[in-house]
Amino acid sequence: MKLYYFDVLNPRKVCALARHLDLPVEFVHVNLGKGEHKTPAFLAMNPNGKVPVLVDGAVTLWESNAILCYLARKAGSDLWPTDARQFEVLRWLMWDATAFAPQAGTLYFEHVIKSRFGMGGPDPGEVQKATQGFLGFAAVLEAHLRGRSYLLGDALSVADFAVAITLPYAQQAQLPLQDFPEIRRWHAQMNTLPAWREPFPDLAEPAGLAEAI
Ligand SMILES: N[C@@H](CCC(=O)N[C@@H](CS)C(=O)NCC(=O)O)C(=O)O
């Protein structure tokens, strides 16, 4: 299995899960700074020109939340449950993609990505809008987490890997978490997982894209 990644937000969750599950994954570094995600060979795998991408034999999969489910199933792990809890997981993955991540991801983009790639300073209007949006959705998450260790209750699931993914960057991305102790408690718990804290392979000599495709 090959996992095409760069050390940014969406690839982070799938790298973390692959490591957490100890799956035999070959990590392939795709340097977004050098535009390696827009080459014809990469676009043939993901026409969106985005990471992450998973290639497992005949299966080529993009969209990080789908890759999370695939990896968990591949490992035979109940992090992607097969009973009725699967719908709960789906609910949180959808909510993440359509509600929470767009707000948190905008703050990450404005405060982290723009400065990393020399794209200028944060746009105050975007920051203001995303901060307001974040506060609204974070309140929903905060209320749900009260009395629960993880999103599904006692058991960790791929939903936690998806919904929590901006939290490792909370400080840099200026996520307004002051009034959300349950979210901070939940993330502290995620941080007890070594793979969550250190999801990426050693970047000293990343497996290059050119040789891997
Ligand atoms: N919905 C996609 C989003 C993927 C995505 O936006 N990836 C970013 C990195 S976090 C990327 O590759 N950006 C490069 C670009 O858009 O040019 C997913 O969850 O996989």
# chains A, B, ... in the order shown; residues from 1 in each chain; ligands from 1
call {"tool": "closest_atom_pairs", "arguments": {"of": "chain A", "to": "ligand 1", "cutoff": "7 Å", "atoms": "only C-alpha atoms and all ligand atoms", "output": "Markdown table"}}
result
| residue | atom | partner | partner_atom_place_in_ligand_line | distance |
| --- | --- | --- | --- | --- |
| A:Val8 | CA | ligand 1 | 10 (S) | 5.2 |
| A:Leu9 | CA | ligand 1 | 10 (S) | 4.4 |
| A:Asn10 | CA | ligand 1 | 10 (S) | 4.2 |
| A:Pro11 | CA | ligand 1 | 10 (S) | 6.2 |
| A:Leu32 | CA | ligand 1 | 14 (C) | 6.4 |
| A:Gly49 | CA | ligand 1 | 17 (O) | 6.1 |
| A:Lys50 | CA | ligand 1 | 12 (O) | 3.2 |
| A:Val51 | CA | ligand 1 | 12 (O) | 4.0 |
| A:Pro52 | CA | ligand 1 | 20 (O) | 5.5 |
| A:Trp62 | CA | ligand 1 | 20 (O) | 6.0 |
| A:Glu63 | CA | ligand 1 | 20 (O) | 3.4 |
| A:Ser64 | CA | ligand 1 | 20 (O) | 3.8 |
| A:Asn65 | CA | ligand 1 | 19 (O) | 5.9 |
call {"tool": "write_last_selection", "arguments": {"atoms": "N, CA and C atoms", "output": "mmCIF file, in the first residue's frame"}}
result
data_model
loop_
_atom_site.group_PDB
_atom_site.id
_atom_site.type_symbol
_atom_site.label_atom_id
_atom_site.label_comp_id
_atom_site.auth_asym_id
_atom_site.auth_seq_id
_atom_site.Cartn_x
_atom_site.Cartn_y
_atom_site.Cartn_z
ATOM 1 N N VAL A 8 0.852 18.235 6.018
ATOM 2 C CA VAL A 8 -0.213 19.220 6.253
ATOM 3 C C VAL A 8 -1.472 18.494 6.726
ATOM 4 N N LEU A 9 -2.531 19.276 6.859
ATOM 5 C CA LEU A 9 -3.749 18.862 7.569
ATOM 6 C C LEU A 9 -4.371 17.503 7.175
ATOM 7 N N ASN A 10 -4.905 17.413 5.974
ATOM 8 C CA ASN A 10 -5.676 16.210 5.623
ATOM 9 C C ASN A 10 -4.818 14.942 5.543
ATOM 10 N N PRO A 11 -3.616 15.028 4.993
ATOM 11 C CA PRO A 11 -2.777 13.827 5.036
ATOM 12 C C PRO A 11 -2.436 13.403 6.467
ATOM 13 N N LEU A 32 4.143 19.611 -2.005
ATOM 14 C CA LEU A 32 3.180 20.594 -2.543
ATOM 15 C C LEU A 32 3.889 21.887 -2.917
ATOM 16 N N GLY A 49 -5.901 16.860 -7.766
ATOM 17 C CA GLY A 49 -4.580 17.397 -7.478
ATOM 18 C C GLY A 49 -4.385 17.723 -6.010
ATOM 19 N N LYS A 50 -4.788 16.785 -5.154
ATOM 20 C CA LYS A 50 -4.675 17.007 -3.705
ATOM 21 C C LYS A 50 -4.192 15.739 -3.018
ATOM 22 N N VAL A 51 -3.540 15.936 -1.886
ATOM 23 C CA VAL A 51 -3.178 14.822 -1.022
ATOM 24 C C VAL A 51 -4.135 14.806 0.170
ATOM 25 N N PRO A 52 -4.355 13.623 0.749
ATOM 26 C CA PRO A 52 -3.699 12.342 0.524
ATOM 27 C C PRO A 52 -4.360 11.512 -0.581
ATOM 28 N N TRP A 62 -8.963 8.596 -3.055
ATOM 29 C CA TRP A 62 -8.700 9.928 -2.500
ATOM 30 C C TRP A 62 -9.868 10.334 -1.624
ATOM 31 N N GLU A 63 -9.725 11.425 -0.923
ATOM 32 C CA GLU A 63 -10.591 11.920 0.162
ATOM 33 C C GLU A 63 -10.144 11.247 1.473
ATOM 34 N N SER A 64 -9.604 12.092 2.326
ATOM 35 C CA SER A 64 -8.980 11.578 3.549
ATOM 36 C C SER A 64 -9.950 10.798 4.436
ATOM 37 N N ASN A 65 -11.202 11.247 4.533
ATOM 38 C CA ASN A 65 -12.124 10.543 5.430
ATOM 39 C C ASN A 65 -12.469 9.145 4.884
#
call {"tool": "residues_around", "arguments": {"residues": "Val112 in chain A", "least_positions_apart": "5", "cutoff": "12 Å", "atoms": "only C-alpha atoms", "output": "PyMOL selection string"}}
result
chain A and resi 8-9+104-107+117-122+166+168-175
call {"tool": "write_last_selection", "arguments": {"atoms": "C-alpha atoms", "output": "PDB file, in the first residue's frame"}}
result
ATOM      1  CA  VAL A   8      -0.213  19.220   6.253  1.00  0.00           C
ATOM      2  CA  LEU A   9      -3.749  18.862   7.569  1.00  0.00           C
ATOM      3  CA  ALA A 104     -11.206  25.228  11.233  1.00  0.00           C
ATOM      4  CA  GLY A 105      -9.460  24.560   7.908  1.00  0.00           C
ATOM      5  CA  THR A 106      -9.859  28.206   6.879  1.00  0.00           C
ATOM      6  CA  LEU A 107      -8.185  29.348  10.101  1.00  0.00           C
ATOM      7  CA  PHE A 117       4.210  29.133   1.555  1.00  0.00           C
ATOM      8  CA  GLY A 118       4.792  32.898   1.406  1.00  0.00           C
ATOM      9  CA  MET A 119       1.208  33.664   0.377  1.00  0.00           C
ATOM     10  CA  GLY A 120       0.913  36.875   2.362  1.00  0.00           C
ATOM     11  CA  GLY A 121      -0.788  37.602   5.660  1.00  0.00           C
ATOM     12  CA  PRO A 122      -4.147  36.323   6.880  1.00  0.00           C
ATOM     13  CA  THR A 166      -7.029  20.782  13.204  1.00  0.00           C
ATOM     14  CA  PRO A 168      -2.749  19.722  16.799  1.00  0.00           C
ATOM     15  CA  TYR A 169      -2.391  23.114  15.071  1.00  0.00           C
ATOM     16  CA  ALA A 170      -4.764  24.935  17.446  1.00  0.00           C
ATOM     17  CA  GLN A 171      -2.256  27.482  18.659  1.00  0.00           C
ATOM     18  CA  GLN A 172      -0.710  28.346  15.283  1.00  0.00           C
ATOM     19  CA  ALA A 173      -4.118  28.408  13.598  1.00  0.00           C
ATOM     20  CA  GLN A 174      -5.521  30.563  16.421  1.00  0.00           C
ATOM     21  CA  LEU A 175      -8.499  28.277  16.984  1.00  0.00           C
TER      22      LEU A 175
END
call {"tool": "atom_distance", "arguments": {"atom1": "CA of Ala97 in chain A", "atom2": "CA of Val163 in chain A"}}
result
8.6 Å
call {"tool": "atom_distance", "arguments": {"atom1": "CA of Lys34 in chain A", "atom2": "CA of Ala164 in chain A"}}
result
27.9 Å
call {"tool": "closest_residue", "arguments": {"among": "A:Lys2, A:His144, A:Arg185, A:Lys13", "to": "Phe161 in chain A", "atoms": "only C-alpha atoms"}}
result
A:Lys13
call {"tool": "residues_around", "arguments": {"residues": "range 79-93 of chain A", "least_positions_apart": "5", "cutoff": "12 Å", "atoms": "only C-alpha atoms", "output": "ChimeraX atom specification"}}
result
/A:17-18,20-21,63-74,98-101,137,140-141,144,150-165
call {"tool": "select_by_dssp", "arguments": {"residues": "chain A", "states": "strand (DSSP E)", "output": "list in words"}}
result
Lys2, Leu3, Tyr4, Tyr5, Glu26, Phe27, Val28, His29, Val53, Leu54, Val55, Asp56, Val59, Thr60, Leu61 and Trp62 of chain A
call {"tool": "write_last_selection", "arguments": {"atoms": "N, CA and C atoms", "output": "JSON list (two decimals), in the first residue's frame"}}
result
[["chain", "number", "residue", "atom", "x", "y", "z"],
["A", 2, "LYS", "N", 0.53, 2.18, -0.86],
["A", 2, "LYS", "CA", 1.28, 3.44, -0.86],
["A", 2, "LYS", "C", 0.36, 4.57, -0.41],
["A", 3, "LEU", "N", 0.89, 5.41, 0.45],
["A", 3, "LEU", "CA", 0.11, 6.56, 0.94],
["A", 3, "LEU", "C", 0.86, 7.82, 0.55],
["A", 4, "TYR", "N", 0.25, 8.58, -0.35],
["A", 4, "TYR", "CA", 0.85, 9.82, -0.84],
["A", 4, "TYR", "C", 0.44, 10.95, 0.10],
["A", 5, "TYR", "N", 1.42, 11.64, 0.65],
["A", 5, "TYR", "CA", 1.13, 12.62, 1.70],
["A", 5, "TYR", "C", 2.08, 13.81, 1.61],
["A", 26, "GLU", "N", 3.68, 2.17, 2.64],
["A", 26, "GLU", "CA", 4.85, 2.91, 2.17],
["A", 26, "GLU", "C", 4.42, 4.37, 2.03],
["A", 27, "PHE", "N", 5.04, 5.24, 2.80],
["A", 27, "PHE", "CA", 4.69, 6.66, 2.76],
["A", 27, "PHE", "C", 5.44, 7.33, 1.62],
["A", 28, "VAL", "N", 4.71, 7.99, 0.73],
["A", 28, "VAL", "CA", 5.34, 8.67, -0.40],
["A", 28, "VAL", "C", 5.13, 10.17, -0.26],
["A", 29, "HIS", "N", 6.24, 10.86, -0.14],
["A", 29, "HIS", "CA", 6.19, 12.31, 0.08],
["A", 29, "HIS", "C", 5.89, 13.04, -1.22],
["A", 53, "VAL", "N", -3.57, 10.51, -1.05],
["A", 53, "VAL", "CA", -4.09, 9.47, -1.94],
["A", 53, "VAL", "C", -3.56, 8.14, -1.42],
["A", 54, "LEU", "N", -4.42, 7.14, -1.45],
["A", 54, "LEU", "CA", -3.99, 5.78, -1.07],
["A", 54, "LEU", "C", -4.07, 4.89, -2.30],
["A", 55, "VAL", "N", -3.00, 4.11, -2.54],
["A", 55, "VAL", "CA", -3.04, 3.12, -3.62],
["A", 55, "VAL", "C", -2.78, 1.75, -2.99],
["A", 56, "ASP", "N", -3.74, 0.87, -3.15],
["A", 56, "ASP", "CA", -3.63, -0.48, -2.60],
["A", 56, "ASP", "C", -4.00, -1.45, -3.72],
["A", 59, "VAL", "N", -6.86, -0.63, -6.13],
["A", 59, "VAL", "CA", -7.68, 0.44, -5.53],
["A", 59, "VAL", "C", -6.88, 1.73, -5.43],
["A", 60, "THR", "N", -7.42, 2.79, -5.99],
["A", 60, "THR", "CA", -6.84, 4.13, -5.79],
["A", 60, "THR", "C", -7.93, 4.98, -5.13],
["A", 61, "LEU", "N", -7.60, 5.50, -3.95],
["A", 61, "LEU", "CA", -8.63, 6.20, -3.17],
["A", 61, "LEU", "C", -8.14, 7.57, -2.77],
["A", 62, "TRP", "N", -8.96, 8.60, -3.06],
["A", 62, "TRP", "CA", -8.70, 9.93, -2.50],
["A", 62, "TRP", "C", -9.87, 10.33, -1.62]]
call {"tool": "closest_residue", "arguments": {"among": "A:Val14, A:Ile183, A:Ala188, A:Ala75", "to": "Gly147 in chain A", "atoms": "only C-alpha atoms"}}
result
A:Ile183
call {"tool": "atom_distance", "arguments": {"atom1": "CA of Met1 in chain A", "atom2": "CA of Gly57 in chain A"}}
result
7.0 Å
call {"tool": "select_by_dssp", "arguments": {"residues": "chain A", "states": "alpha helix (DSSP H)", "output": "PyMOL selection string"}}
result
chain A and resi 9-20+40-45+64-74+85-95+101-108+114-116+124-145+158-163+181-190+194-197+209-212
call {"tool": "closest_residue", "arguments": {"among": "A:Glu110, A:Glu36, A:Glu198, A:Glu142", "to": "Phe6 in chain A", "atoms": "only C-alpha atoms"}}
result
A:Glu36
